[in-house]
Each structure stands twice: as structure tokens, then as C-alpha cells.
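J.: final.txt is the file, holding compact mmCIF, N, CA and C atoms:
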```txt
# COMPACT_ATOMS: atom_id res chain seq x y z
N MET K 492 166.50 -38.85 -176.96
CA MET K 492 166.41 -40.29 -176.81
C MET K 492 166.51 -40.63 -175.32
N SER K 493 165.70 -41.51 -174.83
CA SER K 493 165.65 -41.79 -173.41
C SER K 493 166.26 -43.15 -173.05
N ASP K 494 167.17 -43.66 -173.87
CA ASP K 494 167.81 -44.94 -173.56
C ASP K 494 168.70 -44.80 -172.34
N ALA K 495 168.73 -45.85 -171.55
CA ALA K 495 169.68 -45.93 -170.45
C ALA K 495 170.92 -46.64 -170.99
N TRP K 496 172.07 -46.22 -170.51
CA TRP K 496 173.34 -46.79 -170.95
C TRP K 496 174.00 -47.52 -169.79
N TYR K 497 174.68 -48.61 -170.10
CA TYR K 497 175.36 -49.42 -169.10
C TYR K 497 176.79 -49.71 -169.55
N ILE K 498 177.64 -50.01 -168.58
CA ILE K 498 178.98 -50.50 -168.85
C ILE K 498 179.00 -51.95 -168.40
N VAL K 499 179.41 -52.85 -169.29
CA VAL K 499 179.41 -54.29 -169.00
C VAL K 499 180.84 -54.81 -169.17
N LYS K 500 181.33 -55.50 -168.15
CA LYS K 500 182.66 -56.09 -168.21
C LYS K 500 182.59 -57.40 -168.97
N GLN K 501 183.45 -57.54 -169.98
CA GLN K 501 183.47 -58.74 -170.80
C GLN K 501 184.47 -59.74 -170.21
N ASN K 502 184.44 -60.96 -170.71
CA ASN K 502 185.32 -62.02 -170.21
C ASN K 502 186.80 -61.68 -170.33
N ASP K 503 187.17 -60.88 -171.34
CA ASP K 503 188.57 -60.53 -171.54
C ASP K 503 189.01 -59.35 -170.67
N GLY K 504 188.10 -58.84 -169.83
CA GLY K 504 188.45 -57.75 -168.93
C GLY K 504 188.13 -56.37 -169.46
N GLN K 505 187.83 -56.28 -170.75
CA GLN K 505 187.47 -55.00 -171.33
C GLN K 505 186.02 -54.68 -171.00
N CYS K 506 185.70 -53.39 -170.95
CA CYS K 506 184.34 -52.97 -170.65
C CYS K 506 183.69 -52.38 -171.90
N LYS K 507 182.47 -52.80 -172.14
CA LYS K 507 181.72 -52.38 -173.32
C LYS K 507 180.56 -51.51 -172.88
N ILE K 508 180.28 -50.47 -173.65
CA ILE K 508 179.15 -49.60 -173.37
C ILE K 508 177.98 -50.05 -174.23
N VAL K 509 176.85 -50.35 -173.57
CA VAL K 509 175.68 -50.86 -174.27
C VAL K 509 174.42 -50.15 -173.78
N THR K 510 173.36 -50.27 -174.58
CA THR K 510 172.06 -49.72 -174.18
C THR K 510 171.33 -50.74 -173.31
N ALA K 511 170.25 -50.30 -172.71
CA ALA K 511 169.43 -51.19 -171.88
C ALA K 511 168.90 -52.35 -172.71
N ILE K 512 168.59 -52.12 -173.96
CA ILE K 512 168.08 -53.18 -174.84
C ILE K 512 169.17 -54.21 -175.10
N ASP K 513 170.39 -53.74 -175.36
CA ASP K 513 171.50 -54.65 -175.64
C ASP K 513 171.89 -55.48 -174.43
N ILE K 514 171.75 -54.90 -173.24
CA ILE K 514 172.19 -55.61 -172.04
C ILE K 514 171.36 -56.87 -171.80
N LYS K 515 170.11 -56.87 -172.21
CA LYS K 515 169.28 -58.07 -172.06
C LYS K 515 169.85 -59.22 -172.88
N GLY K 516 170.32 -58.94 -174.08
CA GLY K 516 170.93 -59.96 -174.92
C GLY K 516 172.23 -60.48 -174.33
N LEU K 517 173.01 -59.60 -173.72
CA LEU K 517 174.28 -60.02 -173.13
C LEU K 517 174.08 -60.93 -171.93
N THR K 518 173.06 -60.65 -171.13
CA THR K 518 172.82 -61.50 -169.97
C THR K 518 172.32 -62.88 -170.40
N LYS K 519 171.59 -62.95 -171.51
CA LYS K 519 171.14 -64.25 -172.03
C LYS K 519 172.34 -65.04 -172.56
N GLU K 520 173.29 -64.35 -173.22
CA GLU K 520 174.48 -65.01 -173.76
C GLU K 520 175.37 -65.55 -172.65
N ALA K 521 175.39 -64.88 -171.51
CA ALA K 521 176.26 -65.29 -170.41
C ALA K 521 175.91 -66.68 -169.91
N GLY K 522 174.62 -66.99 -169.88
CA GLY K 522 174.15 -68.32 -169.51
C GLY K 522 174.75 -68.84 -168.23
N GLU K 523 175.49 -69.95 -168.33
CA GLU K 523 176.06 -70.60 -167.16
C GLU K 523 177.15 -69.77 -166.50
N ALA K 524 177.80 -68.93 -167.25
CA ALA K 524 178.91 -68.14 -166.72
C ALA K 524 178.42 -67.12 -165.69
N GLY K 525 177.13 -66.92 -165.63
CA GLY K 525 176.58 -65.95 -164.69
C GLY K 525 176.47 -64.58 -165.34
N GLU K 526 175.85 -63.68 -164.62
CA GLU K 526 175.65 -62.35 -165.14
C GLU K 526 176.96 -61.57 -165.09
N PRO K 527 177.31 -60.88 -166.17
CA PRO K 527 178.56 -60.12 -166.18
C PRO K 527 178.48 -58.92 -165.23
N GLU K 528 179.65 -58.50 -164.75
CA GLU K 528 179.70 -57.30 -163.89
C GLU K 528 179.30 -56.11 -164.73
N ARG K 529 178.47 -55.24 -164.13
CA ARG K 529 178.00 -54.07 -164.89
C ARG K 529 177.81 -52.88 -163.98
N TRP K 530 177.83 -51.71 -164.62
CA TRP K 530 177.61 -50.44 -163.92
C TRP K 530 176.58 -49.64 -164.70
N GLY K 531 175.75 -48.90 -164.01
CA GLY K 531 174.75 -48.09 -164.66
C GLY K 531 173.42 -48.25 -163.98
N PRO K 532 172.40 -47.68 -164.47
CA PRO K 532 172.28 -47.00 -165.77
C PRO K 532 172.80 -45.56 -165.72
N PHE K 533 173.22 -45.11 -166.88
CA PHE K 533 173.66 -43.74 -167.07
C PHE K 533 172.71 -43.06 -168.04
N ALA K 534 172.55 -41.77 -167.88
CA ALA K 534 171.57 -41.01 -168.67
C ALA K 534 171.98 -40.83 -170.13
N SER K 535 173.29 -40.81 -170.39
CA SER K 535 173.75 -40.58 -171.76
C SER K 535 174.97 -41.44 -172.06
N GLU K 536 175.24 -41.62 -173.34
CA GLU K 536 176.42 -42.38 -173.74
C GLU K 536 177.69 -41.66 -173.30
N GLN K 537 177.68 -40.33 -173.35
CA GLN K 537 178.85 -39.55 -172.93
C GLN K 537 179.17 -39.78 -171.45
N GLU K 538 178.14 -39.86 -170.61
CA GLU K 538 178.35 -40.12 -169.19
C GLU K 538 178.94 -41.52 -168.99
N ALA K 539 178.43 -42.49 -169.74
CA ALA K 539 178.94 -43.86 -169.64
C ALA K 539 180.40 -43.92 -170.07
N ILE K 540 180.77 -43.18 -171.11
CA ILE K 540 182.16 -43.15 -171.57
C ILE K 540 183.05 -42.57 -170.48
N ALA K 541 182.61 -41.49 -169.86
CA ALA K 541 183.40 -40.87 -168.79
C ALA K 541 183.57 -41.84 -167.62
N ARG K 542 182.52 -42.55 -167.26
CA ARG K 542 182.61 -43.52 -166.17
C ARG K 542 183.53 -44.68 -166.53
N ARG K 543 183.49 -45.10 -167.80
CA ARG K 543 184.36 -46.19 -168.26
C ARG K 543 185.82 -45.80 -168.12
N VAL K 544 186.14 -44.57 -168.44
CA VAL K 544 187.51 -44.07 -168.27
C VAL K 544 187.92 -44.17 -166.80
N GLY K 545 187.01 -43.81 -165.91
CA GLY K 545 187.29 -43.91 -164.48
C GLY K 545 187.50 -45.35 -164.05
N LEU K 546 186.73 -46.28 -164.59
CA LEU K 546 186.88 -47.70 -164.27
C LEU K 546 188.22 -48.24 -164.77
N ILE K 547 188.66 -47.77 -165.93
CA ILE K 547 189.97 -48.18 -166.45
C ILE K 547 191.07 -47.66 -165.53
N ARG K 548 190.97 -46.40 -165.13
CA ARG K 548 191.98 -45.82 -164.24
C ARG K 548 192.01 -46.50 -162.88
N ALA K 549 190.84 -46.98 -162.42
CA ALA K 549 190.76 -47.67 -161.13
C ALA K 549 191.18 -49.14 -161.23
N GLY K 550 191.47 -49.62 -162.45
CA GLY K 550 191.91 -50.99 -162.64
C GLY K 550 190.78 -52.00 -162.70
N LYS K 551 189.55 -51.55 -162.81
CA LYS K 551 188.40 -52.47 -162.89
C LYS K 551 188.17 -52.97 -164.31
N CYS K 552 188.65 -52.23 -165.31
CA CYS K 552 188.49 -52.60 -166.71
C CYS K 552 189.83 -52.43 -167.42
N GLN K 553 190.01 -53.23 -168.47
CA GLN K 553 191.20 -53.12 -169.30
C GLN K 553 190.91 -52.13 -170.44
N PRO K 554 191.90 -51.34 -170.84
CA PRO K 554 191.68 -50.44 -171.98
C PRO K 554 191.52 -51.23 -173.28
N ALA K 555 190.78 -50.69 -174.20
CA ALA K 555 190.52 -51.38 -175.47
C ALA K 555 191.73 -51.34 -176.37
```
I'd like the structure from this file rewritten - as C-alpha cells, please.

T.:
Amino acid sequence: MSDAWYIVKQNDGQCKIVTAIDIKGLTKEAGEAGEPERWGPFASEQEAIARRVGLIRAGKCQPA
């Protein structure tokens, strides 16, 4: 599967892992609030998970 994966910071501070297709919907939902902070693209979901752990440790995201 050739999907790109992204990490998107939600309003509550938690970071969600989404595909490139899902990220388009999230940016539309953000509307006036502006585009959410995001990282990526990553080649695999596993890579995105590993990066999310790093973001949590760095204090950029809250743990789920």
C-alpha cells in the first residue's frame, strides 16, 4: 500500500495518526480555527507511530 501517513495535533493536544486521504477531511473541519499542526508524510504507519512517541517525549503531543 502506498498511502502516506501523517501525525496531526488535535485541539486537546493529543496527536492522531491519519492517512493522506483523511488529512484532507481534517483540514476542512478545522475551518476558521486554521490548519492543525502536522508532521509527515511518513512511508508507513509504523514509522508514524514511532515519530508520535518521539513527539510525546518532546512535549509536543499529549499521550492518549

J.: Calculate how many Å separate atom CA of Ile512 of chain K from atom CA of Gly550 of chain K, rounding to one decimal.

T.: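 About the pair atom CA of Ile512 of chain K and atom CA of Gly550 of chain K: they are 26.9 Å apart.
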
J.: Which value, in Å to one decimal, gives the distance between atom C of Lys551 of chain K and atom N of Glu528 of chain K?

T.: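 Going from atom C of Lys551 of chain K over to atom N of Glu528 of chain K covers 10.2 Å.
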
J.: Which one of K:Pro532, K:Val499, K:Asp494, K:Ile540 sits closest to Gly516 of chain K if you count only C-alpha atoms?

T.: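 That would be K:Val499, the residue with the smallest distance to Gly516 of chain K.
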
J.: So what do you get for atom CA of Asp503 of chain K versus atom C of Glu536 of chain K, distance-wise?

T.: 21.9 Å

J.: Using all atoms listed in the file, can you tell me which of K:Pro554, K:Ala549, K:Val509, K:Trp496 comes closest to Ser535 of chain K?

T.: K:Trp496

J.: Set up a box along x, y and z of the file covering all listed atoms of segment 544-552 of chain K, add 3 Å on every one of the six sides, and write the centre and edge lengths in Å to one decimal, as lines of an AutoDock Vina configuration file.

T.:
```
center_x = 189.1
center_y = -48.4
center_z = -164.8
size_x = 11.9
size_y = 15.2
size_z = 13.3
```

J.: Would you please give, as number ranges by chain, all residues of chain K that DSSP assigns to strand (DSSP E) based on the backbone?

T.: K: 496-500, 506-510, 529-533

J.: If you keep N, CA and C atoms, can you produce a file of those selected residues as a PDB file, in the frame of the given file?

T.:
```pdb
ATOM      1  N   TRP K 496     172.070 -46.220-170.510  1.00  0.00           N
ATOM      2  CA  TRP K 496     173.340 -46.790-170.950  1.00  0.00           C
ATOM      3  C   TRP K 496     174.000 -47.520-169.790  1.00  0.00           C
ATOM      4  N   TYR K 497     174.680 -48.610-170.100  1.00  0.00           N
ATOM      5  CA  TYR K 497     175.360 -49.420-169.100  1.00  0.00           C
ATOM      6  C   TYR K 497     176.790 -49.710-169.550  1.00  0.00           C
ATOM      7  N   ILE K 498     177.640 -50.010-168.580  1.00  0.00           N
ATOM      8  CA  ILE K 498     178.980 -50.500-168.850  1.00  0.00           C
ATOM      9  C   ILE K 498     179.000 -51.950-168.400  1.00  0.00           C
ATOM     10  N   VAL K 499     179.410 -52.850-169.290  1.00  0.00           N
ATOM     11  CA  VAL K 499     179.410 -54.290-169.000  1.00  0.00           C
ATOM     12  C   VAL K 499     180.840 -54.810-169.170  1.00  0.00           C
ATOM     13  N   LYS K 500     181.330 -55.500-168.150  1.00  0.00           N
ATOM     14  CA  LYS K 500     182.660 -56.090-168.210  1.00  0.00           C
ATOM     15  C   LYS K 500     182.590 -57.400-168.970  1.00  0.00           C
ATOM     16  N   CYS K 506     185.700 -53.390-170.950  1.00  0.00           N
ATOM     17  CA  CYS K 506     184.340 -52.970-170.650  1.00  0.00           C
ATOM     18  C   CYS K 506     183.690 -52.380-171.900  1.00  0.00           C
ATOM     19  N   LYS K 507     182.470 -52.800-172.140  1.00  0.00           N
ATOM     20  CA  LYS K 507     181.720 -52.380-173.320  1.00  0.00           C
ATOM     21  C   LYS K 507     180.560 -51.510-172.880  1.00  0.00           C
ATOM     22  N   ILE K 508     180.280 -50.470-173.650  1.00  0.00           N
ATOM     23  CA  ILE K 508     179.150 -49.600-173.370  1.00  0.00           C
ATOM     24  C   ILE K 508     177.980 -50.050-174.230  1.00  0.00           C
ATOM     25  N   VAL K 509     176.850 -50.350-173.570  1.00  0.00           N
ATOM     26  CA  VAL K 509     175.680 -50.860-174.270  1.00  0.00           C
ATOM     27  C   VAL K 509     174.420 -50.150-173.780  1.00  0.00           C
ATOM     28  N   THR K 510     173.360 -50.270-174.580  1.00  0.00           N
ATOM     29  CA  THR K 510     172.060 -49.720-174.180  1.00  0.00           C
ATOM     30  C   THR K 510     171.330 -50.740-173.310  1.00  0.00           C
ATOM     31  N   ARG K 529     178.470 -55.240-164.130  1.00  0.00           N
ATOM     32  CA  ARG K 529     178.000 -54.070-164.890  1.00  0.00           C
ATOM     33  C   ARG K 529     177.810 -52.880-163.980  1.00  0.00           C
ATOM     34  N   TRP K 530     177.830 -51.710-164.620  1.00  0.00           N
ATOM     35  CA  TRP K 530     177.610 -50.440-163.920  1.00  0.00           C
ATOM     36  C   TRP K 530     176.580 -49.640-164.700  1.00  0.00           C
ATOM     37  N   GLY K 531     175.750 -48.900-164.010  1.00  0.00           N
ATOM     38  CA  GLY K 531     174.750 -48.090-164.660  1.00  0.00           C
ATOM     39  C   GLY K 531     173.420 -48.250-163.980  1.00  0.00           C
ATOM     40  N   PRO K 532     172.400 -47.680-164.470  1.00  0.00           N
ATOM     41  CA  PRO K 532     172.280 -47.000-165.770  1.00  0.00           C
ATOM     42  C   PRO K 532     172.800 -45.560-165.720  1.00  0.00           C
ATOM     43  N   PHE K 533     173.220 -45.110-166.880  1.00  0.00           N
ATOM     44  CA  PHE K 533     173.660 -43.740-167.070  1.00  0.00           C
ATOM     45  C   PHE K 533     172.710 -43.060-168.040  1.00  0.00           C
TER      46      PHE K 533
END
```

J.: What would segment 497-519 of chain K look like with N, CA, C and O atoms in place, written as a PDB file, in the coordinates of the input?

T.:
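Output saved as rebuild_26.pdb:
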```pdb
ATOM      1  N   TYR K 497     174.680 -48.610-170.100  1.00  0.00           N
ATOM      2  CA  TYR K 497     175.360 -49.420-169.100  1.00  0.00           C
ATOM      3  C   TYR K 497     176.790 -49.710-169.550  1.00  0.00           C
ATOM      4  O   TYR K 497     177.084 -49.702-170.741  1.00  0.00           O
ATOM      5  N   ILE K 498     177.640 -50.010-168.580  1.00  0.00           N
ATOM      6  CA  ILE K 498     178.980 -50.500-168.850  1.00  0.00           C
ATOM      7  C   ILE K 498     179.000 -51.950-168.400  1.00  0.00           C
ATOM      8  O   ILE K 498     178.630 -52.256-167.267  1.00  0.00           O
ATOM      9  N   VAL K 499     179.410 -52.850-169.290  1.00  0.00           N
ATOM     10  CA  VAL K 499     179.410 -54.290-169.000  1.00  0.00           C
ATOM     11  C   VAL K 499     180.840 -54.810-169.170  1.00  0.00           C
ATOM     12  O   VAL K 499     181.472 -54.585-170.210  1.00  0.00           O
ATOM     13  N   LYS K 500     181.330 -55.500-168.150  1.00  0.00           N
ATOM     14  CA  LYS K 500     182.660 -56.090-168.210  1.00  0.00           C
ATOM     15  C   LYS K 500     182.590 -57.400-168.970  1.00  0.00           C
ATOM     16  O   LYS K 500     181.794 -58.283-168.648  1.00  0.00           O
ATOM     17  N   GLN K 501     183.450 -57.540-169.980  1.00  0.00           N
ATOM     18  CA  GLN K 501     183.470 -58.740-170.800  1.00  0.00           C
ATOM     19  C   GLN K 501     184.470 -59.740-170.210  1.00  0.00           C
ATOM     20  O   GLN K 501     185.276 -59.405-169.337  1.00  0.00           O
ATOM     21  N   ASN K 502     184.440 -60.960-170.710  1.00  0.00           N
ATOM     22  CA  ASN K 502     185.320 -62.020-170.210  1.00  0.00           C
ATOM     23  C   ASN K 502     186.800 -61.680-170.330  1.00  0.00           C
ATOM     24  O   ASN K 502     187.611 -62.130-169.534  1.00  0.00           O
ATOM     25  N   ASP K 503     187.170 -60.880-171.340  1.00  0.00           N
ATOM     26  CA  ASP K 503     188.570 -60.530-171.540  1.00  0.00           C
ATOM     27  C   ASP K 503     189.010 -59.350-170.670  1.00  0.00           C
ATOM     28  O   ASP K 503     190.144 -58.898-170.762  1.00  0.00           O
ATOM     29  N   GLY K 504     188.100 -58.840-169.830  1.00  0.00           N
ATOM     30  CA  GLY K 504     188.450 -57.750-168.930  1.00  0.00           C
ATOM     31  C   GLY K 504     188.130 -56.370-169.460  1.00  0.00           C
ATOM     32  O   GLY K 504     188.187 -55.387-168.719  1.00  0.00           O
ATOM     33  N   GLN K 505     187.830 -56.280-170.750  1.00  0.00           N
ATOM     34  CA  GLN K 505     187.470 -55.000-171.330  1.00  0.00           C
ATOM     35  C   GLN K 505     186.020 -54.680-171.000  1.00  0.00           C
ATOM     36  O   GLN K 505     185.210 -55.587-170.800  1.00  0.00           O
ATOM     37  N   CYS K 506     185.700 -53.390-170.950  1.00  0.00           N
ATOM     38  CA  CYS K 506     184.340 -52.970-170.650  1.00  0.00           C
ATOM     39  C   CYS K 506     183.690 -52.380-171.900  1.00  0.00           C
ATOM     40  O   CYS K 506     184.300 -51.572-172.597  1.00  0.00           O
ATOM     41  N   LYS K 507     182.470 -52.800-172.140  1.00  0.00           N
ATOM     42  CA  LYS K 507     181.720 -52.380-173.320  1.00  0.00           C
ATOM     43  C   LYS K 507     180.560 -51.510-172.880  1.00  0.00           C
ATOM     44  O   LYS K 507     179.918 -51.783-171.868  1.00  0.00           O
ATOM     45  N   ILE K 508     180.280 -50.470-173.650  1.00  0.00           N
ATOM     46  CA  ILE K 508     179.150 -49.600-173.370  1.00  0.00           C
ATOM     47  C   ILE K 508     177.980 -50.050-174.230  1.00  0.00           C
ATOM     48  O   ILE K 508     178.101 -50.175-175.448  1.00  0.00           O
ATOM     49  N   VAL K 509     176.850 -50.350-173.570  1.00  0.00           N
ATOM     50  CA  VAL K 509     175.680 -50.860-174.270  1.00  0.00           C
ATOM     51  C   VAL K 509     174.420 -50.150-173.780  1.00  0.00           C
ATOM     52  O   VAL K 509     174.403 -49.554-172.712  1.00  0.00           O
ATOM     53  N   THR K 510     173.360 -50.270-174.580  1.00  0.00           N
ATOM     54  CA  THR K 510     172.060 -49.720-174.180  1.00  0.00           C
ATOM     55  C   THR K 510     171.330 -50.740-173.310  1.00  0.00           C
ATOM     56  O   THR K 510     171.712 -51.897-173.237  1.00  0.00           O
ATOM     57  N   ALA K 511     170.250 -50.300-172.710  1.00  0.00           N
ATOM     58  CA  ALA K 511     169.430 -51.190-171.880  1.00  0.00           C
ATOM     59  C   ALA K 511     168.900 -52.350-172.710  1.00  0.00           C
ATOM     60  O   ALA K 511     168.778 -53.470-172.215  1.00  0.00           O
ATOM     61  N   ILE K 512     168.590 -52.120-173.960  1.00  0.00           N
ATOM     62  CA  ILE K 512     168.080 -53.180-174.840  1.00  0.00           C
ATOM     63  C   ILE K 512     169.170 -54.210-175.100  1.00  0.00           C
ATOM     64  O   ILE K 512     168.937 -55.407-175.022  1.00  0.00           O
ATOM     65  N   ASP K 513     170.390 -53.740-175.360  1.00  0.00           N
ATOM     66  CA  ASP K 513     171.500 -54.650-175.640  1.00  0.00           C
ATOM     67  C   ASP K 513     171.890 -55.480-174.430  1.00  0.00           C
ATOM     68  O   ASP K 513     172.334 -56.615-174.559  1.00  0.00           O
ATOM     69  N   ILE K 514     171.750 -54.900-173.240  1.00  0.00           N
ATOM     70  CA  ILE K 514     172.190 -55.610-172.040  1.00  0.00           C
ATOM     71  C   ILE K 514     171.360 -56.870-171.800  1.00  0.00           C
ATOM     72  O   ILE K 514     171.869 -57.861-171.280  1.00  0.00           O
ATOM     73  N   LYS K 515     170.110 -56.870-172.210  1.00  0.00           N
ATOM     74  CA  LYS K 515     169.280 -58.070-172.060  1.00  0.00           C
ATOM     75  C   LYS K 515     169.850 -59.220-172.880  1.00  0.00           C
ATOM     76  O   LYS K 515     169.871 -60.357-172.421  1.00  0.00           O
ATOM     77  N   GLY K 516     170.320 -58.940-174.080  1.00  0.00           N
ATOM     78  CA  GLY K 516     170.930 -59.960-174.920  1.00  0.00           C
ATOM     79  C   GLY K 516     172.230 -60.480-174.330  1.00  0.00           C
ATOM     80  O   GLY K 516     172.541 -61.667-174.409  1.00  0.00           O
ATOM     81  N   LEU K 517     173.010 -59.600-173.720  1.00  0.00           N
ATOM     82  CA  LEU K 517     174.280 -60.020-173.130  1.00  0.00           C
ATOM     83  C   LEU K 517     174.080 -60.930-171.930  1.00  0.00           C
ATOM     84  O   LEU K 517     174.829 -61.877-171.729  1.00  0.00           O
ATOM     85  N   THR K 518     173.060 -60.650-171.130  1.00  0.00           N
ATOM     86  CA  THR K 518     172.820 -61.500-169.970  1.00  0.00           C
ATOM     87  C   THR K 518     172.320 -62.880-170.400  1.00  0.00           C
ATOM     88  O   THR K 518     172.641 -63.869-169.776  1.00  0.00           O
ATOM     89  N   LYS K 519     171.590 -62.950-171.510  1.00  0.00           N
ATOM     90  CA  LYS K 519     171.140 -64.250-172.030  1.00  0.00           C
ATOM     91  C   LYS K 519     172.340 -65.040-172.560  1.00  0.00           C
ATOM     92  O   LYS K 519     172.418 -66.246-172.384  1.00  0.00           O
TER      93      LYS K 519
END
```
